[in-house]
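Novice: Next up is a structure, given as structure tokens.
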Amino acid sequence: MDEVKAPAIEEAIDYTGAKLGMWLFILSELLLFGGMFILYAVHRYKSPGDFHHASTELDVFLGTLNTIILLTSSLSVAVSITAIQKGERRLSIVLLMVTMALGLLFLVNKGFEWTTKIGHGIYPNSPTLLARSKGEILFFGLYYVMTGLHGLHVLVGVCVLCVMLILIAKGKLTQMHFTPLENAGLYWHLVDIIWIFLYPLFYLIT
Amino acid sequence: MTSTEAAESVRPKISFYEDRRGILSWILTLDHKRIGLLYLIFVIGFFFSGVVLGFFMRLEMVAPGGRIMGPQTYNSLFTLHGIIMIFLVVIPAIPTIFGNFFLPIQIGARDVAFPRINLLSWWLYISGATIVFISVFTGGGPPDTGWTFYAPYSLRTTVNVPLAVFGVFILGMSSILTGINLVTTTHRLRAPGMTWKRLPLFVWGIYSTSWVQILATPVIGITMVLIFLDRFFGVGVFDPTKGGDPILYQHMFWIYSHPATYIMILPAMGIVSDVVPVFARKKIFGYTAIAVSGMAIAAVGSLVWGHHMFVSGQSDFADILFSLLTFLVAIPSAIKVFNWVATLHKGSIVIEPPLLFCLSFIFLFSIGGLTGLIQGALAPNVHLHDTYWIPAHFHYIIFGGMGFGLFAAFHYWFPKMFGRMYDRGRAVRAWVIMLIGFNIFYFSMLLLGWEGMPRRYYDYLPQFKTLHITATFGSWILIAGLIIMFANLFHGLFKGQKAEDNPWNGVTLEWQIPSPPPTENFEKIPAIQHGPHDFKELEKNG
Amino acid sequence: MENGEERIHLLKYRTYVFVWFGLVCLTMLTYTVAVGIHPGGWAVLVALAIAGTKSSLVLTYFMHLKSEKPLIFKVIIPLVLAVFLVFILLTFSDVVFRGVVE
């Protein structure tokens, strides 16, 4: 089955309109992070050596692993949506759980990274950090703010997916009415895309 | 007649006020018209508080030296005046009051695309405003940085900057959601036959504005977050002691705040484009040019922010680039002014308060625009930056432009929203007083700036005294006019004569439904056959 | 606008897995290029190009832009990119030409 009918208008839900609204929200989020990418670009331009040096202190393995984790979670949520569109409710629920688990795993890894760094005395305004060069201070400042804000979005995404999961389980989201899930998926992919850029810009500076 | 038919014929006669009663039915409403009125009440309230702050600022400045307050208080006054007027009044006002109330009706819809998000927008607005007001009384006192919160001072000053910037962040979220709602509504909920080229120009104005709200506001959102994080965690991106760059703060701030000025003016221009044809009894000259120029202003206007930073220390190359782009953005604005004047030419002019406010808009906005060009040129800017010239310029544009456009909207749509008419003679007299006071006040400020009087200064040299007295005097006349205008409108609200459905003989859809409208707006969604400015059709049918 | 007759084109599960595999390969590629090859000055551009490609895959397939109505949905992403590019380029017109080296 390659095509299904779009959800009907029983509750006057405009399927395209709901998606349009979500996409516009995604645009605003892209510019929210975009602002920080501008700051990153300027400071990296000004202190390329410092950025490179500071970047070597990040755990590339964990960063790469986290990238794979998020990419896989995007896969699972995308298939979850197609599953419910095909009426395969159970598969959809399982895949949502997988997505949430991967999201939480991402956050756990991030937690390890942060606590390790903080343990070494590297955090905004720490004496250790302030003793370093200006470029390095800014690298870590941007690292914490950008990955922190991103992590917050991952957390919110996990909560939203949890709500979707409950709605599917209760039968409120179905093959005929799945727009909220699709929009939640869009949000999750946004979070993935932001990380796709954060990863090389922080972990792979050569 | 069956009971259903009886119910059908009774239903349209109930206005949206009578549909449900009680305070909860208002603050938890999903009706775009009620949400528009909720915004109206608070925008006017915040406007009054901003005016009071301005009144005391002018009172202090009437003579050199300390008069009624110390310098710290003065700094806080102009900061709060700016924050309140910009974030709580001028940016939200027209989109949230009239965009919410009339855009759905003008496109032939029953409501906006996302009514619950609309309600959320209002609650975010109220929350953001509350947070800003709390910052006045807590944590070291009200901010004293100017509404621009420039780093590094905003990172160091001991007053309650964190709470104030957090409030601004919340207000930004409200603005973004409103933008998303109105763009989606315009795309998805137009009535059959309502093509893009048949939309009222007010809708085009709100549409262009909404795009700017969606794309530019996030940048100030993140900037405010960074100020907050820097104060609590010492992140350092704008802090020179940590290698940060304060000029970068100005870039981030103005990337939003310049386009924000277009969020302020585009809706007002949309109102003028709707109102002028009605009172010239003539189709708008150059409909396409006005619609497209609005989008052009939104686009090009996003490229000029560096003109706030000519003397900040940014590169000469950036100075030149931004100055050139600034001159370019004057072109679509001038196109609009030309088209409005061309519409009036050989029209059958009907002198009514809405038209008068539009005419003064055109006059005052033009002065504001022309002074903008003068300060947009690099060499004059070196002398004029941070003098009284700058606030004089932007009060001409924002108050003379957007403000008078807002008042035009009040006087135009009042009968439709409230089903009553105000005293038109008194409205005209208020307008005359306001226009006189406004020009005495702000023209004096242009002269003060030209002579070198610095802005945001608590004290000044004796040579500036006369013009300061004149400005303060002008401010009192202006305020008197404002009081008369609002008193007249309030009086009309309660004691005004009942208004007909179409007292101005307008041709846009809101005039084809009852005053005030029923909750569902239309009994039946209309099928549109022509554009909104077909006055010949109207005259033909008597 | 009535949308009762809208049809949604569903991708096969297989397609999603292929896209995922492509994304993982690109991730390996960007890691190898950065750590193994040391492209020096080109590093940022290569990294951004790969990240851009990965994002396009996510947008086109996972986010279904491929099967969306062209007019609004396909304009949206280039629009945001253009806006962001303009912001960053104009900011750099200042930063690059500042004249004072720190």
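Order determines the names: the first chain of the structure tokens is A, the second B, and so forth; residues in each chain are numbered 1 upward, and ligands are numbered 1 upward as they are shown.
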I want to know what sits within 10 Å of Tyr287 of chain B, based on only C-alpha atoms, with residues of the same chain fewer than 6 positions away left out; could you give that as a list of chain:residue names?

Specialist: B:Lys197, B:Arg198, B:Leu199, B:Pro200, B:Leu201, B:Ser273, B:Ser293, B:Lys336, B:Asn339, B:Gly531, B:His533

Novice: At a cut-off of 8 Å, list the chain C residues touching chain A, using only C-alpha atoms, as a PyMOL selection string.

Specialist: chain C and resi 3-13+16-17+20+23-24+27+30-31+34-35+38-40+43-44+47-48+51+54-55+58-59+62-63+73+76-77+80+84+87-88+92+95

Novice: Export N, CA and C atoms of the chosen residues as a compact mmCIF listing (two decimals), in the first residue's frame?

Specialist:
# COMPACT_ATOMS: atom_id res chain seq x y z
N ASN C 3 -9.61 19.54 1.76
CA ASN C 3 -8.48 18.64 1.49
C ASN C 3 -8.89 17.19 1.70
N GLY C 4 -10.15 16.95 1.59
CA GLY C 4 -10.63 15.58 1.80
C GLY C 4 -10.06 14.60 0.80
N GLU C 5 -9.66 15.11 -0.35
CA GLU C 5 -9.18 14.20 -1.37
C GLU C 5 -7.66 14.14 -1.44
N GLU C 6 -6.98 14.74 -0.46
CA GLU C 6 -5.52 14.69 -0.49
C GLU C 6 -5.05 13.28 -0.28
N ARG C 7 -4.01 12.92 -0.99
CA ARG C 7 -3.43 11.60 -0.77
C ARG C 7 -1.99 11.76 -0.31
N ILE C 8 -1.59 10.91 0.61
CA ILE C 8 -0.23 10.97 1.10
C ILE C 8 0.54 9.81 0.50
N HIS C 9 1.68 10.15 -0.06
CA HIS C 9 2.51 9.10 -0.63
C HIS C 9 3.36 8.50 0.47
N LEU C 10 3.28 7.18 0.68
CA LEU C 10 4.07 6.55 1.73
C LEU C 10 5.34 5.95 1.16
N LEU C 11 6.45 6.21 1.89
CA LEU C 11 7.69 5.56 1.48
C LEU C 11 7.73 4.15 2.03
N LYS C 12 8.44 3.27 1.31
CA LYS C 12 8.62 1.92 1.83
C LYS C 12 9.57 1.98 3.02
N TYR C 13 9.39 1.05 3.97
CA TYR C 13 10.31 0.99 5.12
C TYR C 13 11.75 0.89 4.64
N TYR C 16 13.63 4.13 3.98
CA TYR C 16 14.14 4.79 5.19
C TYR C 16 15.46 4.17 5.62
N VAL C 17 15.54 2.84 5.56
CA VAL C 17 16.77 2.16 6.00
C VAL C 17 17.94 2.53 5.09
N TRP C 20 19.10 5.92 6.02
CA TRP C 20 19.85 5.84 7.28
C TRP C 20 21.26 5.35 7.03
N LEU C 23 23.32 8.02 5.63
CA LEU C 23 23.69 8.98 6.67
C LEU C 23 24.87 8.48 7.50
N VAL C 24 24.82 7.20 7.84
CA VAL C 24 25.91 6.65 8.64
C VAL C 24 27.22 6.68 7.84
N THR C 27 28.61 10.04 7.84
CA THR C 27 29.21 10.33 9.14
C THR C 27 30.62 9.76 9.20
N THR C 30 32.89 11.96 7.08
CA THR C 30 33.31 13.23 7.65
C THR C 30 34.35 13.02 8.76
N TYR C 31 34.18 11.92 9.50
CA TYR C 31 35.15 11.61 10.54
C TYR C 31 36.51 11.30 9.92
N ALA C 34 38.27 14.36 8.45
CA ALA C 34 38.78 15.28 9.47
C ALA C 34 39.99 14.70 10.19
N VAL C 35 39.86 13.44 10.63
CA VAL C 35 40.90 12.86 11.48
C VAL C 35 42.02 12.25 10.67
N HIS C 38 43.28 15.32 7.14
CA HIS C 38 43.75 16.68 7.46
C HIS C 38 43.69 17.61 6.27
N PRO C 39 42.50 18.00 5.86
CA PRO C 39 42.41 18.87 4.68
C PRO C 39 42.82 20.31 4.95
N GLY C 40 43.21 20.62 6.17
CA GLY C 40 43.72 21.96 6.44
C GLY C 40 42.68 23.04 6.23
N ALA C 43 39.03 22.32 5.53
CA ALA C 43 38.33 21.47 6.49
C ALA C 43 36.89 21.89 6.73
N VAL C 44 36.70 23.19 7.01
CA VAL C 44 35.35 23.67 7.34
C VAL C 44 34.40 23.44 6.17
N ALA C 47 33.52 19.78 5.77
CA ALA C 47 32.64 19.35 6.86
C ALA C 47 31.23 19.87 6.65
N LEU C 48 31.13 21.16 6.25
CA LEU C 48 29.80 21.74 6.05
C LEU C 48 29.10 21.12 4.86
N ALA C 51 27.83 17.81 6.03
CA ALA C 51 26.70 18.03 6.94
C ALA C 51 25.48 18.49 6.15
N LYS C 54 23.95 15.48 4.48
CA LYS C 54 23.19 14.68 5.45
C LYS C 54 21.86 15.34 5.76
N SER C 55 21.89 16.65 5.97
CA SER C 55 20.64 17.36 6.28
C SER C 55 19.65 17.26 5.14
N VAL C 58 17.92 14.00 5.35
CA VAL C 58 16.91 13.99 6.42
C VAL C 58 15.68 14.79 5.99
N LEU C 59 15.91 15.97 5.41
CA LEU C 59 14.80 16.82 5.00
C LEU C 59 13.96 16.16 3.89
N PHE C 62 13.25 11.71 5.40
CA PHE C 62 12.63 11.53 6.72
C PHE C 62 11.54 12.56 6.97
N MET C 63 11.78 13.80 6.50
CA MET C 63 10.81 14.86 6.75
C MET C 63 9.84 15.04 5.58
N PHE C 73 6.31 24.43 0.73
CA PHE C 73 7.23 23.62 1.52
C PHE C 73 8.63 23.60 0.92
N ILE C 76 10.49 26.98 1.59
CA ILE C 76 10.79 27.29 2.98
C ILE C 76 12.24 27.08 3.36
N ILE C 77 12.80 25.93 3.04
CA ILE C 77 14.17 25.66 3.50
C ILE C 77 15.19 26.54 2.79
N VAL C 80 15.11 29.95 4.45
CA VAL C 80 15.77 30.06 5.75
C VAL C 80 17.29 30.05 5.58
N PHE C 84 19.80 33.03 6.72
CA PHE C 84 20.95 32.76 7.59
C PHE C 84 22.25 33.19 6.92
N PHE C 87 22.66 36.91 7.06
CA PHE C 87 23.05 37.37 8.39
C PHE C 87 24.53 37.12 8.62
N ILE C 88 25.00 35.94 8.26
CA ILE C 88 26.39 35.61 8.57
C ILE C 88 27.35 36.37 7.67
N PHE C 92 30.13 39.07 8.84
CA PHE C 92 31.53 38.91 8.48
C PHE C 92 32.08 40.11 7.73
N VAL C 95 33.51 41.70 10.68
CA VAL C 95 34.56 40.99 11.41
C VAL C 95 35.84 40.82 10.60

Novice: At a cut-off of 12 Å, using only C-alpha atoms, what residues contact Thr91 of chain C? Leave out same-chain residues fewer than 6 positions from it and give the result as number ranges by chain.

Specialist: A: 35, 37-39, 41-43, 45; B: 247-255, 303-306, 309, 314-315, 317-319, 321-322; C: 84-85, 97-98
